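Enquirer: Contents of model.txt (compact mmCIF, C-alpha atoms) are given next:
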```txt
# COMPACT_ATOMS: atom_id res chain seq x y z
CA MET S 458 82.05 144.91 39.35
CA LYS S 459 84.89 142.40 39.53
CA VAL S 460 88.24 144.10 40.13
CA PHE S 461 90.38 141.06 40.91
CA ASP S 462 90.39 137.69 39.20
CA LYS S 463 92.48 134.55 38.88
CA PRO S 464 94.91 134.60 35.95
CA LYS S 465 93.89 132.33 33.10
CA ALA S 466 97.35 130.74 33.15
CA LEU S 467 96.56 129.23 36.59
CA THR S 468 94.35 126.18 37.03
CA ASP S 469 91.59 125.85 39.61
CA ALA S 470 93.62 123.36 41.69
CA PRO S 471 93.95 124.43 45.37
CA LEU S 472 97.56 125.20 46.31
CA HIS S 473 99.20 122.74 48.69
CA TYR S 474 101.69 125.24 50.15
CA CYS S 475 101.91 126.00 53.88
CA PRO S 476 100.05 129.03 55.30
CA GLY S 477 102.08 132.18 54.74
CA CYS S 478 104.30 130.63 52.06
CA THR S 479 104.85 133.08 49.21
CA HIS S 480 105.01 130.46 46.46
CA GLY S 481 101.35 131.25 45.79
CA ILE S 482 102.13 134.92 45.17
CA ILE S 483 104.99 134.02 42.84
CA HIS S 484 102.82 131.53 40.94
CA ARG S 485 100.30 134.28 40.37
CA LEU S 486 102.92 136.74 39.13
CA VAL S 487 104.27 134.21 36.64
CA ALA S 488 100.75 133.46 35.43
CA GLU S 489 99.93 137.17 35.08
CA ALA S 490 103.03 137.65 32.92
CA ILE S 491 102.01 134.73 30.70
CA ASP S 492 98.49 136.17 30.37
CA GLU S 493 99.66 139.69 29.59
CA LEU S 494 102.02 138.49 26.87
CA GLY S 495 99.38 136.14 25.44
CA ILE S 496 101.81 133.20 25.34
CA GLU S 497 100.04 130.46 27.32
CA GLY S 498 99.43 128.33 24.24
CA LYS S 499 103.13 128.13 23.43
CA THR S 500 104.63 128.19 26.94
CA VAL S 501 106.23 125.15 28.55
CA GLY S 502 107.20 125.24 32.22
CA VAL S 503 109.75 122.97 33.87
CA ALA S 504 108.87 121.93 37.42
CA PRO S 505 111.65 121.20 39.94
CA VAL S 506 112.13 118.85 42.84
CA GLY S 507 111.22 120.70 46.03
CA CYS S 508 108.18 122.51 47.38
CA ALA S 509 107.11 123.44 43.84
CA VAL S 510 107.41 119.88 42.56
CA MET S 511 103.66 119.96 41.89
CA ALA S 512 103.77 123.17 39.86
CA TYR S 513 102.41 121.14 36.95
CA ASP S 514 99.07 121.05 38.80
CA TYR S 515 98.86 124.84 39.04
CA PHE S 516 99.99 126.29 35.70
CA ALA S 517 97.60 125.86 32.79
CA CYS S 518 100.40 125.71 30.23
CA ASP S 519 102.25 122.53 29.30
CA MET S 520 104.65 121.37 32.03
CA VAL S 521 107.60 118.98 32.19
CA GLU S 522 108.96 117.44 35.40
CA ALA S 523 112.76 117.53 35.70
CA ALA S 524 115.08 115.47 37.86
CA HIS S 525 116.46 117.29 40.91
CA GLY S 526 118.48 120.31 39.76
CA ARG S 527 118.29 119.53 36.06
CA ALA S 528 115.58 122.01 35.07
CA PRO S 529 117.95 124.35 33.15
CA ALA S 530 119.29 121.37 31.16
CA VAL S 531 115.75 120.18 30.39
CA ALA S 532 114.76 123.75 29.47
CA THR S 533 117.76 124.00 27.16
CA GLY S 534 116.71 120.85 25.33
CA LEU S 535 113.11 122.03 25.04
CA LYS S 536 114.12 125.44 23.73
CA ARG S 537 116.54 124.07 21.18
CA ALA S 538 114.02 121.50 19.97
CA MET S 539 111.15 124.00 19.93
CA PRO S 540 112.71 127.48 19.54
CA GLU S 541 109.32 129.06 18.86
CA ASN S 542 108.07 128.06 22.32
CA ILE S 543 108.55 130.01 25.55
CA ILE S 544 110.35 127.89 28.15
CA PHE S 545 110.63 128.70 31.84
CA THR S 546 111.90 126.89 34.91
CA TYR S 547 110.55 127.39 38.43
CA GLN S 548 113.18 126.39 41.01
CA GLY S 549 113.99 126.65 44.70
CA ASP S 550 117.39 127.37 46.19
CA GLY S 551 118.22 123.74 46.97
CA ASP S 552 117.25 122.65 43.46
CA LEU S 553 119.03 125.49 41.64
CA ALA S 554 121.95 126.50 43.86
CA SER S 555 123.01 123.08 45.17
CA ILE S 556 122.52 119.98 43.05
CA GLY S 557 121.64 122.07 39.99
CA MET S 558 124.39 124.70 40.20
CA ALA S 559 126.36 123.34 37.23
CA GLU S 560 123.27 123.28 35.00
CA THR S 561 122.42 126.84 36.04
CA VAL S 562 125.89 128.26 35.43
CA HIS S 563 126.37 126.58 32.06
CA ALA S 564 122.92 127.55 30.78
CA ALA S 565 123.71 131.12 31.80
CA THR S 566 127.15 131.19 30.20
CA ARG S 567 125.65 129.88 26.94
CA ASN S 568 123.01 132.63 27.15
CA GLU S 569 120.29 130.06 26.52
CA ASN S 570 117.10 131.88 25.57
CA ILE S 571 115.12 130.66 28.60
CA THR S 572 113.57 132.24 31.68
CA ILE S 573 114.43 131.02 35.18
CA ILE S 574 112.28 131.83 38.19
CA PHE S 575 114.49 131.21 41.23
CA VAL S 576 112.81 131.17 44.66
CA ASN S 577 115.25 131.81 47.51
CA ASN S 578 113.85 131.13 50.98
CA ALA S 579 117.21 130.21 52.57
CA ILE S 580 116.18 126.69 53.58
CA TYR S 581 115.20 123.27 52.26
CA GLY S 582 111.43 123.40 52.58
CA MET S 583 109.97 120.14 51.28
CA THR S 584 112.40 117.82 53.08
CA GLY S 585 112.00 119.32 56.53
CA GLY S 586 114.08 122.46 56.95
CA GLN S 587 117.70 121.49 56.43
CA MET S 588 120.42 124.08 55.75
CA ALA S 589 120.46 125.23 52.13
CA PRO S 590 123.23 126.81 50.05
CA THR S 591 121.47 130.12 50.72
CA SER S 592 120.94 129.75 54.49
CA LEU S 593 122.29 132.82 56.27
CA PRO S 594 125.35 132.83 58.55
CA GLY S 595 124.16 131.83 62.01
CA GLN S 596 120.76 130.66 60.73
CA VAL S 597 119.31 127.78 62.74
CA THR S 598 118.06 124.87 60.65
CA GLN S 599 117.49 121.14 61.21
CA THR S 600 121.08 120.44 60.15
CA SER S 601 122.60 123.55 61.76
CA PRO S 602 120.92 123.58 65.20
CA TYR S 603 123.56 125.98 66.56
CA GLY S 604 123.38 128.21 63.48
CA ARG S 605 125.24 128.04 60.18
CA ASP S 606 128.95 128.06 60.94
CA VAL S 607 130.75 129.62 57.98
CA LYS S 608 134.02 128.01 59.07
CA THR S 609 132.68 124.55 58.33
CA ALA S 610 129.69 125.16 56.01
CA GLY S 611 131.03 128.14 54.10
CA TYR S 612 129.15 131.31 53.26
CA PRO S 613 125.76 131.45 51.51
CA ILE S 614 125.86 131.48 47.73
CA LYS S 615 124.72 134.75 46.19
CA VAL S 616 123.40 133.45 42.89
CA SER S 617 122.54 136.77 41.23
CA GLU S 618 125.93 138.27 42.01
CA MET S 619 127.74 135.16 40.82
CA LEU S 620 125.89 134.79 37.53
CA SER S 621 126.13 138.51 36.77
CA ALA S 622 129.92 138.12 36.66
CA LEU S 623 129.55 135.92 33.56
CA ASP S 624 129.75 137.60 30.17
CA ALA S 625 126.79 135.93 28.50
CA PRO S 626 123.57 136.32 30.58
CA TYR S 627 121.19 138.99 29.35
CA TYR S 628 119.15 139.90 32.43
CA ILE S 629 119.47 139.08 36.15
CA GLU S 630 117.46 140.75 38.90
CA ARG S 631 116.74 140.01 42.56
CA VAL S 632 113.31 140.93 43.92
CA ALA S 633 111.16 140.05 46.95
CA VAL S 634 107.46 139.45 47.64
CA ASN S 635 107.14 140.40 51.31
CA ASN S 636 105.16 143.64 50.85
CA VAL S 637 103.03 145.35 48.23
CA LYS S 638 105.81 147.50 46.79
CA ASN S 639 108.13 144.53 46.42
CA VAL S 640 105.40 142.38 44.87
CA ARG S 641 104.79 145.05 42.23
CA ASN S 642 108.50 145.27 41.46
CA ALA S 643 108.68 141.49 41.26
CA LYS S 644 105.82 141.48 38.75
CA LYS S 645 107.68 143.95 36.52
CA ALA S 646 110.86 141.90 36.66
CA ILE S 647 109.12 138.60 35.86
CA LEU S 648 107.22 140.20 32.97
CA LYS S 649 110.47 141.64 31.62
CA ALA S 650 112.21 138.27 31.86
CA PHE S 651 109.49 136.59 29.79
CA LYS S 652 109.43 139.47 27.32
CA ASN S 653 113.19 139.12 26.85
CA GLN S 654 112.68 135.52 25.78
CA VAL S 655 109.83 136.43 23.44
CA GLU S 656 112.19 138.94 21.81
CA GLY S 657 115.00 136.37 21.58
CA LYS S 658 117.41 138.23 23.84
CA GLY S 659 118.68 135.30 25.86
CA PHE S 660 119.08 134.08 29.42
CA SER S 661 117.02 135.82 32.13
CA LEU S 662 116.96 134.85 35.80
CA ILE S 663 114.74 136.43 38.43
CA GLU S 664 115.78 135.61 41.99
CA ILE S 665 112.86 136.06 44.37
CA VAL S 666 113.54 136.37 48.09
CA SER S 667 110.74 134.36 49.65
CA THR S 668 109.54 133.00 53.00
CA CYS S 669 109.23 129.61 54.69
CA PRO S 670 107.28 130.26 57.92
CA THR S 671 106.93 126.56 58.73
CA ASN S 672 110.62 125.70 58.64
CA TRP S 673 111.72 129.09 59.96
CA GLY S 674 109.50 128.41 62.99
CA MET S 675 107.64 131.68 62.57
CA THR S 676 104.15 133.00 61.96
CA PRO S 677 103.49 134.29 58.42
CA SER S 678 103.71 137.91 59.57
CA GLN S 679 106.97 137.27 61.43
CA ALA S 680 108.40 135.61 58.32
CA LEU S 681 107.59 138.64 56.19
CA GLU S 682 109.36 140.87 58.71
CA TRP S 683 112.34 138.47 58.82
CA VAL S 684 112.77 138.95 55.07
CA ASP S 685 113.20 142.69 55.65
CA THR S 686 115.45 142.47 58.69
CA ASN S 687 117.63 139.50 57.72
CA MET S 688 117.25 138.28 54.15
CA ILE S 689 117.31 141.52 52.16
CA PRO S 690 120.34 142.98 54.00
CA TYR S 691 122.30 139.86 52.98
CA TYR S 692 120.65 139.54 49.56
CA PRO S 693 120.19 143.16 48.35
CA LEU S 694 117.41 143.67 45.84
CA GLY S 695 118.08 145.16 42.44
CA VAL S 696 119.16 144.62 38.85
CA TYR S 697 122.48 142.77 38.68
CA LYS S 698 122.75 142.58 34.90
CA ASP S 699 120.70 144.07 32.10
CA LYS S 700 122.34 144.16 28.69
CA GLY S 701 119.35 146.04 27.31
CA ALA S 702 119.93 148.91 29.73
CA GLN S 703 123.66 148.84 28.97
CA LYS S 704 122.99 149.24 25.25
CA LYS S 705 120.75 152.25 25.91
CA GLU S 706 123.48 153.88 28.01
CA ASP S 707 126.07 153.22 25.28
```
Please express the file's structure as structure tokens.

Expert:
Amino acid sequence: MKVFDKPKALTDAPLHYCPGCTHGIIHRLVAEAIDELGIEGKTVGVAPVGCAVMAYDYFACDMVEAAHGRAPAVATGLKRAMPENIIFTYQGDGDLASIGMAETVHAATRNENITIIFVNNAIYGMTGGQMAPTSLPGQVTQTSPYGRDVKTAGYPIKVSEMLSALDAPYYIERVAVNNVKNVRNAKKAILKAFKNQVEGKGFSLIEIVSTCPTNWGMTPSQALEWVDTNMIPYYPLGVYKDKGAQKKED
């Protein structure tokens, strides 16, 4: 008896990601949400520039490639042109929190009815491990060989906290995928974010604390532990905004 199968919303293409990278887990969770809601035929994903630049090879739904950082702007155009379709972006921290920060903030403050999957692994992965907007204080990268100095580079950007201060966004949650419990919680959050869009509720962003063993210079198991000991203390998991829950409380 088969108890585990590939989601229909994923293609058969082998993933190109490094060993231990959690992009594969996140891809699966997104695909499972699409399958469970039965929306593959009307879903359009927007691929970023970064490690997930080839996401169009892996998701079975229609995909659009966006210029670096512009995925929320492209998603806005798609959603406004085709409001009956489900539009999601899949972005890394360099794509979303650096060159694409303006697009992210303005899509959020307009409460665009889109879903953003934001992968935070605290480093630029595809281009060789440079310091990202989310790199931790003291973190060693290719461009911060002595560790991130907050006096010159500033502090990491906490995207979920920042966007939750805006009035408009409907749902913002930070999750992780470094153990079974966290993967299950991430699945619930991603499913909820897509369901919010199906129900026309507005802007949802799920920030997913992820790993980059290659550029962190760690084994996959060490990277998973590093998420617990370093990433999550700086980027606490949890719901940062949920207007649906607020309405129930009121």

Enquirer: Determine, counting all atoms listed in the file, every residue of protein, DNA or RNA that lies within 10 Å of (123.1, 140.0, 27.6) in the file coordinates, then give the result as an MDAnalysis selection string.

Expert: chainID S and resid 565 568 621 623:629 653 658:661 698:704

Enquirer: Excluding Tyr474 of chain S and residues on its chain fewer than 5 positions from it, collect all residues at most 12 Å away from it, counting only C-alpha atoms, and give them as an NGL selection string.

Expert: :S and (479-484 or 507-512 or 515 or 582-583 or 668-671)

Enquirer: Could you tell me how far atom CA of Val501 of chain S lies from atom CA of Ala532 of chain S, in Å and to one decimal?

Expert: 8.7 Å

Enquirer: Do you know which residues are at most 10 Å from Lys652 of chain S counting all atoms listed in the file, after dropping those on the same chain fewer than 3 positions away, and could you put them as a PyMOL selection string?

Expert: chain S and resi 490-491+494+543+572+646-649+655-658+661

Enquirer: Quick one: of S:Glu618, S:Glu493, S:Asp462, S:Asp552, who's nearest to Val506 of chain S, counting only C-alpha atoms?

Expert: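 Selected residue with least distance to Val506 of chain S: S:Asp552.
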
Enquirer: Go ahead and compute the interatomic distance for atom CA of Arg485 of chain S and atom CA of Asp514 of chain S, in Å to one decimal.

Expert: 13.4 Å

Enquirer: If we count only C-alpha atoms, what is near Ala579 of chain S at a cut-off of 8 Å, once residues fewer than 6 positions away on the same chain are taken out, given as a PyMOL selection string?

Expert: chain S and resi 550+588-593

Enquirer: Find, counting all atoms listed in the file, the residue in S:Ile571, S:Val684, S:Ile614, S:Met675 that gets nearest to Val634 of chain S.

Expert: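 Among the listed residues, the smallest separation from Val634 of chain S belongs to S:Val684.
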
Enquirer: Which residues come within 9 Å of Val597 of chain S, counting only C-alpha atoms, excluding same-chain residues fewer than 6 positions away, as a ChimeraX atom specification?

Expert: /S:588,603-605,673

Enquirer: Once you have the residues from the selection above, write them out as a PDB file, in the frame of the given file, restricted to C-alpha atoms.

Expert:
```pdb
ATOM      1  CA  MET S 588     120.420 124.080  55.750  1.00  0.00           C
ATOM      2  CA  TYR S 603     123.560 125.980  66.560  1.00  0.00           C
ATOM      3  CA  GLY S 604     123.380 128.210  63.480  1.00  0.00           C
ATOM      4  CA  ARG S 605     125.240 128.040  60.180  1.00  0.00           C
ATOM      5  CA  TRP S 673     111.720 129.090  59.960  1.00  0.00           C
TER       6      TRP S 673
END
```

Enquirer: Complete the atom set of segment 526-546 of chain S to N, CA and C atoms and return it as a compact mmCIF listing (two decimals), in the frame of the given file.

Expert:
```
# COMPACT_ATOMS: atom_id res chain seq x y z
N GLY S 526 117.44 119.41 40.19
CA GLY S 526 118.48 120.31 39.76
C GLY S 526 118.68 120.42 38.27
N ARG S 527 118.00 119.58 37.49
CA ARG S 527 118.29 119.53 36.06
C ARG S 527 117.35 120.38 35.20
N ALA S 528 116.56 121.22 35.83
CA ALA S 528 115.58 122.01 35.07
C ALA S 528 116.23 122.87 33.98
N PRO S 529 117.36 123.55 34.24
CA PRO S 529 117.95 124.35 33.15
C PRO S 529 118.41 123.49 31.96
N ALA S 530 118.88 122.27 32.24
CA ALA S 530 119.29 121.37 31.16
C ALA S 530 118.07 120.92 30.36
N VAL S 531 116.99 120.57 31.07
CA VAL S 531 115.75 120.18 30.39
C VAL S 531 115.20 121.36 29.58
N ALA S 532 115.24 122.56 30.17
CA ALA S 532 114.76 123.75 29.47
C ALA S 532 115.59 124.03 28.23
N THR S 533 116.89 123.81 28.32
CA THR S 533 117.76 124.00 27.16
C THR S 533 117.35 123.07 26.03
N GLY S 534 117.12 121.80 26.36
CA GLY S 534 116.71 120.85 25.33
C GLY S 534 115.37 121.23 24.71
N LEU S 535 114.42 121.63 25.55
CA LEU S 535 113.11 122.03 25.04
C LEU S 535 113.22 123.23 24.11
N LYS S 536 114.00 124.22 24.52
CA LYS S 536 114.12 125.44 23.73
C LYS S 536 114.81 125.19 22.40
N ARG S 537 115.83 124.35 22.43
CA ARG S 537 116.54 124.07 21.18
C ARG S 537 115.71 123.22 20.24
N ALA S 538 114.89 122.34 20.80
CA ALA S 538 114.02 121.50 19.97
C ALA S 538 112.81 122.27 19.46
N MET S 539 112.34 123.21 20.28
CA MET S 539 111.15 124.00 19.93
C MET S 539 111.45 125.50 20.15
N PRO S 540 112.29 126.10 19.32
CA PRO S 540 112.71 127.48 19.54
C PRO S 540 111.59 128.50 19.51
N GLU S 541 110.45 128.13 18.92
CA GLU S 541 109.32 129.06 18.86
C GLU S 541 108.53 129.07 20.17
N ASN S 542 108.78 128.12 21.05
CA ASN S 542 108.07 128.06 22.32
C ASN S 542 108.77 128.88 23.40
N ILE S 543 108.01 129.27 24.41
CA ILE S 543 108.55 130.01 25.55
C ILE S 543 108.75 129.01 26.68
N ILE S 544 109.99 128.91 27.16
CA ILE S 544 110.35 127.89 28.15
C ILE S 544 110.80 128.57 29.44
N PHE S 545 110.19 128.16 30.55
CA PHE S 545 110.63 128.70 31.84
C PHE S 545 110.82 127.58 32.86
N THR S 546 111.75 127.80 33.79
CA THR S 546 111.90 126.89 34.91
C THR S 546 111.45 127.61 36.18
```
